[in-house]
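Single-structure report; data block below.
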Amino acid sequence: MLPEATGLLDPIVLARIQFAANITFHILFPTISIAMGWALLFFKLRFNATGEQKWLDAYGFWVKIFALTFALGVVTGITMSFQFGTNWPGFMKTVGNIAGPLLAYEVLTAFFLEATFLGIMLFGQKKVSNRIHTLATVLVAGGTTLSAFWIIALNSWMQTPVGFEMINGQAHATDWLAIIFNPSMPYHLSHMLLASGLTVAFLLAGVSAFRWLKGQRDASIMASLKTGVFLAAALIPLQIFLGDLHGINTLKHQPAKIAAIEGIWHTERGAPLTLFALPNAATQTNEYAIAIPKLASLILTHDINGELQGINAFADHPPVAKVFWSFRVMVGMGMLMLLVSWLAAWQLRGGKTLSPMVCKLLIGMTFSGWVATVAGWYVTEIGRQPWLVYGVLKTSDAASNVGGGMILSTLIMYLTLYAFLLVSYISVVFYLANKAGRPAQEQ
């Protein structure tokens, strides 16, 4: 929820920046832990099926990364949840009857499951049977996905709210199945799960390529590298296809968001697909535009002369430039993922190894999933503005009366701490990768 340009100490603007900073930092870690749990399960099942030590060694290395990621995800999630009360009390006051139970379900059915069996994953391998240890991995992986399910159920409901009625200014559930499986939920959930898979795929490939270039030749490194590369090569086409379906769903339920994504200022038939432009809100034009005629209408309506509503058709609409550019960062990173993963997969065919150049490309793409995921979330969240719950509750109506100076001071502390933690996390990941290749007496 990023702000438009307004006063520096405007409490609503600062509260939006603060929540944006929190959710941006928080989402980095669940994005990894969701799919990493399944990657660990894959390594464990491969070991169980083949008895090859490389798979167990891969499990042993990556479970450390999972534990570190899980811990940071929990801490940042708690911090974010506090802001519902401190910065956005109107949110829970208005829709707490729906948001509260969904958040509680996430804790009761998912978080406890993950936290309980994570200990067995980390410390129980030599203390319990292999079957129980594998079961613990299954339950942790399932728990991370179940956690994502409940959070996405709430967020997607905020995008396409159904199954409720307003009584005295408060939302009351009338159909929980409709709330949970709201019109955008399947698309949001699938898109997020694939984003998580791609994030982990490039993390596996990038860190493994780093270890390979360092001269480490343990069999588990190539097993992790191939897993990451081939997973990325398989998932990115699926993500592109699902993104198209997601866009069509968004056009139906949030046409103002689509107008901002495409930079369409005035309703028109045969709308062009704008590849590059500098949207100008003052003149409602796209400066220096590079566009393909009629392609936006063809993609979104499957009709080359299909009508797309422009920003001028909506009294309430999101800031165009932020949504427009966030979407292009997401798509651009997706295209780069496609190119790099397919190039690496081509080089690995037939049991071959990667060239140093491709290894360096993979290292550079290690955290590319974060860039694409954050950009995608900005499209989703900024594209909903000025609504906190689309068509039900405006962001300005949910804000607290905390002064701008107080919010600014805590924002500075948050940003400083988050920058430190982010650098520390990345440093520790590569430290563990470097340490793993040293003889035991040197560690």
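Identifiers in this document derive from the order of the structure tokens: chains are assigned A, B, ..., residues are numbered from 1 separately in each chain, and ligands are numbered from 1 in order of occurrence.
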Counting only C-alpha atoms, which residues in region 133-182 of chain A sit no more than 12 Å from region 48-65 of chain A? For each one, give the nearest pair of atoms and the distance in Å, sorted by chain then residue number, as JSON lines.
```
{"residue": "A:His133", "atom": "CA", "partner": "A:Asn48", "partner_atom": "CA", "distance": 11.2}
{"residue": "A:Thr134", "atom": "CA", "partner": "A:Asn48", "partner_atom": "CA", "distance": 8.9}
{"residue": "A:Thr137", "atom": "CA", "partner": "A:Val63", "partner_atom": "CA", "distance": 10.0}
{"residue": "A:Val140", "atom": "CA", "partner": "A:Val63", "partner_atom": "CA", "distance": 11.4}
{"residue": "A:Ala141", "atom": "CA", "partner": "A:Val63", "partner_atom": "CA", "distance": 11.7}
```
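Around Ile120 (chain A), within 12 Å and counting only C-alpha atoms, the residues found are Val63, Ala67, Leu113, Glu114, Ala115, Thr116, Phe117, Leu118, Leu122, Phe123, Gly124, Gln125, Lys126, Lys127, Val128, Ser129, Asn130, Arg131, Ile132, His133, Thr134, Leu135, Ala136, Thr137, Val138, Leu139 and Val140 of chain A, once anything fewer than 2 positions away on its own chain is removed.
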Handout entry: Pick from A:Ile27, A:Ala99, A:Leu213, A:Leu362 nearest to Lys226 (chain A), counting only C-alpha atoms
Key = A:Leu362
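Atom pair CA of Ala433 (chain A) / CA of Pro30 (chain A) has a distance of 20.8 Å (rounded to one decimal).
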Could you give me, as JSON lines, a per-residue list for region 2-118 of chain A showing, wherever an atom lies at most 12 Å from an atom of region 383-394 of chain A, the closest pair of atoms and their distance in Å to one decimal, using only C-alpha atoms and sorting by chain then residue number from low to high?
```
{"residue": "A:Leu2", "atom": "CA", "partner": "A:Gln385", "partner_atom": "CA", "distance": 9.1}
{"residue": "A:Pro3", "atom": "CA", "partner": "A:Gln385", "partner_atom": "CA", "distance": 9.3}
{"residue": "A:Glu4", "atom": "CA", "partner": "A:Gln385", "partner_atom": "CA", "distance": 10.1}
{"residue": "A:Ile12", "atom": "CA", "partner": "A:Lys394", "partner_atom": "CA", "distance": 11.5}
{"residue": "A:Val13", "atom": "CA", "partner": "A:Pro386", "partner_atom": "CA", "distance": 11.8}
{"residue": "A:Arg16", "atom": "CA", "partner": "A:Leu388", "partner_atom": "CA", "distance": 10.7}
{"residue": "A:Phe84", "atom": "CA", "partner": "A:Leu388", "partner_atom": "CA", "distance": 11.9}
{"residue": "A:Trp88", "atom": "CA", "partner": "A:Leu388", "partner_atom": "CA", "distance": 9.9}
{"residue": "A:Gly90", "atom": "CA", "partner": "A:Leu393", "partner_atom": "CA", "distance": 8.7}
{"residue": "A:Phe91", "atom": "CA", "partner": "A:Leu393", "partner_atom": "CA", "distance": 7.8}
{"residue": "A:Met92", "atom": "CA", "partner": "A:Leu393", "partner_atom": "CA", "distance": 10.8}
{"residue": "A:Lys93", "atom": "CA", "partner": "A:Leu393", "partner_atom": "CA", "distance": 10.7}
{"residue": "A:Thr94", "atom": "CA", "partner": "A:Leu393", "partner_atom": "CA", "distance": 7.7}
{"residue": "A:Val95", "atom": "CA", "partner": "A:Val389", "partner_atom": "CA", "distance": 8.6}
{"residue": "A:Gly96", "atom": "CA", "partner": "A:Val389", "partner_atom": "CA", "distance": 11.6}
{"residue": "A:Ile98", "atom": "CA", "partner": "A:Val389", "partner_atom": "CA", "distance": 11.5}
{"residue": "A:Ala99", "atom": "CA", "partner": "A:Val389", "partner_atom": "CA", "distance": 10.8}
```
Same residues, all heavy atoms, output as a short mmCIF file (atom, residue, chain, number, x, y, z; two decimals), in the first residue's frame:
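What ended up in selection07.cif:
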```cif
data_model
loop_
_atom_site.label_atom_id
_atom_site.label_comp_id
_atom_site.auth_asym_id
_atom_site.auth_seq_id
_atom_site.Cartn_x
_atom_site.Cartn_y
_atom_site.Cartn_z
N LEU A 2 1.45 1.61 -1.12
CA LEU A 2 2.32 2.76 -1.21
C LEU A 2 1.52 4.03 -1.47
O LEU A 2 0.50 4.01 -2.13
CB LEU A 2 3.35 2.55 -2.32
CG LEU A 2 4.29 1.36 -2.12
CD1 LEU A 2 5.24 1.26 -3.31
CD2 LEU A 2 5.08 1.49 -0.84
N PRO A 3 1.99 5.15 -1.00
CA PRO A 3 1.22 6.38 -1.08
C PRO A 3 1.45 7.16 -2.35
O PRO A 3 2.45 7.05 -3.01
CB PRO A 3 1.75 7.18 0.11
CG PRO A 3 3.19 6.78 0.18
CD PRO A 3 3.21 5.32 -0.21
N GLU A 4 0.47 8.01 -2.67
CA GLU A 4 0.70 9.02 -3.66
C GLU A 4 1.51 10.12 -3.00
O GLU A 4 1.68 10.16 -1.78
CB GLU A 4 -0.64 9.58 -4.18
CG GLU A 4 -1.50 8.55 -4.91
CD GLU A 4 -2.36 7.72 -3.98
OE1 GLU A 4 -2.29 7.92 -2.75
OE2 GLU A 4 -3.10 6.86 -4.50
N ILE A 12 -1.67 9.18 7.26
CA ILE A 12 -2.16 8.09 6.40
C ILE A 12 -1.07 7.65 5.43
O ILE A 12 -0.85 6.46 5.22
CB ILE A 12 -3.43 8.53 5.65
CG1 ILE A 12 -4.57 8.82 6.64
CG2 ILE A 12 -3.85 7.46 4.65
CD1 ILE A 12 -5.85 9.30 5.99
N VAL A 13 -0.38 8.63 4.85
CA VAL A 13 0.71 8.31 3.92
C VAL A 13 1.80 7.53 4.65
O VAL A 13 2.28 6.49 4.16
CB VAL A 13 1.29 9.59 3.31
CG1 VAL A 13 2.55 9.28 2.50
CG2 VAL A 13 0.26 10.27 2.42
N ARG A 16 0.75 4.01 5.50
CA ARG A 16 0.79 3.15 4.32
C ARG A 16 2.23 2.75 3.98
O ARG A 16 2.49 1.59 3.63
CB ARG A 16 0.14 3.87 3.14
CG ARG A 16 -1.37 4.03 3.28
CD ARG A 16 -1.95 4.88 2.16
NE ARG A 16 -1.77 4.24 0.86
CZ ARG A 16 -2.01 4.86 -0.29
NH1 ARG A 16 -2.40 6.12 -0.29
NH2 ARG A 16 -1.85 4.22 -1.43
N PHE A 84 -2.31 -3.86 12.49
CA PHE A 84 -3.77 -3.82 12.33
C PHE A 84 -4.41 -3.00 13.45
O PHE A 84 -5.42 -2.32 13.24
CB PHE A 84 -4.36 -5.23 12.33
CG PHE A 84 -4.07 -6.01 11.07
CD1 PHE A 84 -3.55 -7.30 11.15
CD2 PHE A 84 -4.29 -5.47 9.83
CE1 PHE A 84 -3.28 -8.03 10.00
CE2 PHE A 84 -4.03 -6.18 8.67
CZ PHE A 84 -3.51 -7.47 8.76
N TRP A 88 -4.15 0.68 11.67
CA TRP A 88 -5.38 0.50 10.91
C TRP A 88 -6.51 -0.09 11.78
O TRP A 88 -7.07 -1.13 11.47
CB TRP A 88 -5.12 -0.42 9.70
CG TRP A 88 -3.98 0.04 8.87
CD1 TRP A 88 -2.73 -0.48 8.83
CD2 TRP A 88 -3.98 1.16 7.98
NE1 TRP A 88 -1.95 0.24 7.96
CE2 TRP A 88 -2.68 1.24 7.43
CE3 TRP A 88 -4.96 2.08 7.60
CZ2 TRP A 88 -2.34 2.24 6.51
CZ3 TRP A 88 -4.61 3.05 6.68
CH2 TRP A 88 -3.32 3.13 6.15
N GLY A 90 -9.50 0.79 12.04
CA GLY A 90 -10.77 0.75 11.32
C GLY A 90 -10.94 -0.52 10.50
O GLY A 90 -12.07 -0.91 10.19
N PHE A 91 -9.84 -1.19 10.20
CA PHE A 91 -9.92 -2.44 9.43
C PHE A 91 -10.61 -3.51 10.27
O PHE A 91 -11.60 -4.13 9.83
CB PHE A 91 -8.52 -2.89 9.03
CG PHE A 91 -8.48 -4.22 8.32
CD1 PHE A 91 -8.92 -4.33 7.02
CD2 PHE A 91 -7.99 -5.35 8.96
CE1 PHE A 91 -8.89 -5.55 6.35
CE2 PHE A 91 -7.95 -6.57 8.31
CZ PHE A 91 -8.41 -6.67 7.00
N MET A 92 -10.10 -3.74 11.46
CA MET A 92 -10.70 -4.77 12.31
C MET A 92 -12.08 -4.36 12.81
O MET A 92 -12.96 -5.19 12.99
CB MET A 92 -9.78 -5.09 13.48
CG MET A 92 -8.63 -6.01 13.12
SD MET A 92 -9.24 -7.60 12.51
CE MET A 92 -7.69 -8.47 12.24
N LYS A 93 -12.27 -3.08 13.02
CA LYS A 93 -13.58 -2.61 13.47
C LYS A 93 -14.65 -2.90 12.42
O LYS A 93 -15.78 -3.28 12.74
CB LYS A 93 -13.54 -1.12 13.77
CG LYS A 93 -14.87 -0.55 14.25
CD LYS A 93 -14.77 0.94 14.53
CE LYS A 93 -16.11 1.51 14.98
NZ LYS A 93 -16.04 2.97 15.24
N THR A 94 -14.29 -2.74 11.15
CA THR A 94 -15.26 -2.89 10.07
C THR A 94 -15.39 -4.33 9.59
O THR A 94 -16.49 -4.84 9.40
CB THR A 94 -14.90 -1.98 8.89
OG1 THR A 94 -14.80 -0.63 9.35
CG2 THR A 94 -15.96 -2.05 7.80
N VAL A 95 -14.26 -5.00 9.38
CA VAL A 95 -14.30 -6.35 8.80
C VAL A 95 -13.65 -7.39 9.70
O VAL A 95 -13.32 -8.49 9.27
CB VAL A 95 -13.64 -6.38 7.40
CG1 VAL A 95 -14.37 -5.45 6.44
CG2 VAL A 95 -12.16 -6.03 7.47
N GLY A 96 -13.48 -7.07 10.98
CA GLY A 96 -12.84 -8.00 11.91
C GLY A 96 -13.60 -9.30 12.08
O GLY A 96 -12.99 -10.34 12.39
N ILE A 98 -14.72 -11.06 9.86
CA ILE A 98 -14.28 -11.95 8.79
C ILE A 98 -12.76 -12.15 8.84
O ILE A 98 -12.26 -13.27 8.78
CB ILE A 98 -14.71 -11.40 7.42
CG1 ILE A 98 -16.24 -11.45 7.31
CG2 ILE A 98 -14.06 -12.17 6.28
CD1 ILE A 98 -16.81 -10.76 6.11
N ALA A 99 -12.02 -11.05 8.98
CA ALA A 99 -10.55 -11.15 9.00
C ALA A 99 -10.05 -11.90 10.22
O ALA A 99 -9.12 -12.71 10.12
CB ALA A 99 -9.95 -9.75 8.95
#
```
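Surrounding region 343-353 of chain A within 9 Å are Met222, Lys226, Val229, Phe230, Ala233, Cys359 and Leu362 of chain A, with only C-alpha atoms counted and residues fewer than 6 positions along the same chain left out.
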Practice task
Pick out the residues sitting within 8 Å of Ile32 (chain A), and hand them over as a ChimeraX atom specification; count only C-alpha atoms, and ignore anything fewer than 2 positions along from it in its own chain.
Solution key: /A:28-30,34-36,66,69,196-197,199-200
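Counting only C-alpha atoms, Phe276 (chain A) has the following residues at most 8 Å away, ignoring those fewer than 2 positions along the same chain: Thr274, Leu278, Tyr288, Ala289, Ile290 and Ala291 of chain A.
Between CA of Met158 (chain A) and CA of Glu262 (chain A) the separation is 22.1 Å.
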Completion exercise
Residue with the minimum atom-to-atom distance to Thr76 (chain A), picked from A:Leu408, A:Ile261, A:Leu108, A:Ile23 with only C-alpha atoms counted, is A:Ile23
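Every residue of region 243-427 of chain A found in strand (DSSP E or B) when DSSP is run on the backbone appears here: A:Glu268, A:Arg269, A:Leu273, A:Thr274, A:Leu275, A:Phe276, A:Ala277, A:Leu278, A:Pro279, A:Asn280, A:Thr285, A:Asn286, A:Glu287, A:Tyr288, A:Ala289, A:Ile290, A:Ala291, A:Ile292, A:Glu307, A:Leu308, A:Trp387, A:Leu388, A:Val389, A:Leu393, A:Lys394.
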Practice task
Skip region 307-324 of chain A itself and residues of its chain fewer than 4 positions away, then list as a PyMOL selection string all residues within 8 Å of it, counting only C-alpha atoms.
Solution key: chain A and resi 4+255-257+259-271+278-281+297+301+328+378-379+382-386
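Coordinates place CA of Pro183 (chain A) at a distance of 19.3 Å from CA of Met166 (chain A).
Using only C-alpha atoms for every distance, the candidate list A:Pro11, A:Gly163, A:Gly243, A:Gly376 yields A:Gly376 as the residue closest to Met330 (chain A).
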Completion exercise
From the list A:Val331, A:Met365, A:Leu40, A:Ala20, the nearest residue to Thr227 (chain A) using only C-alpha atoms is A:Leu40
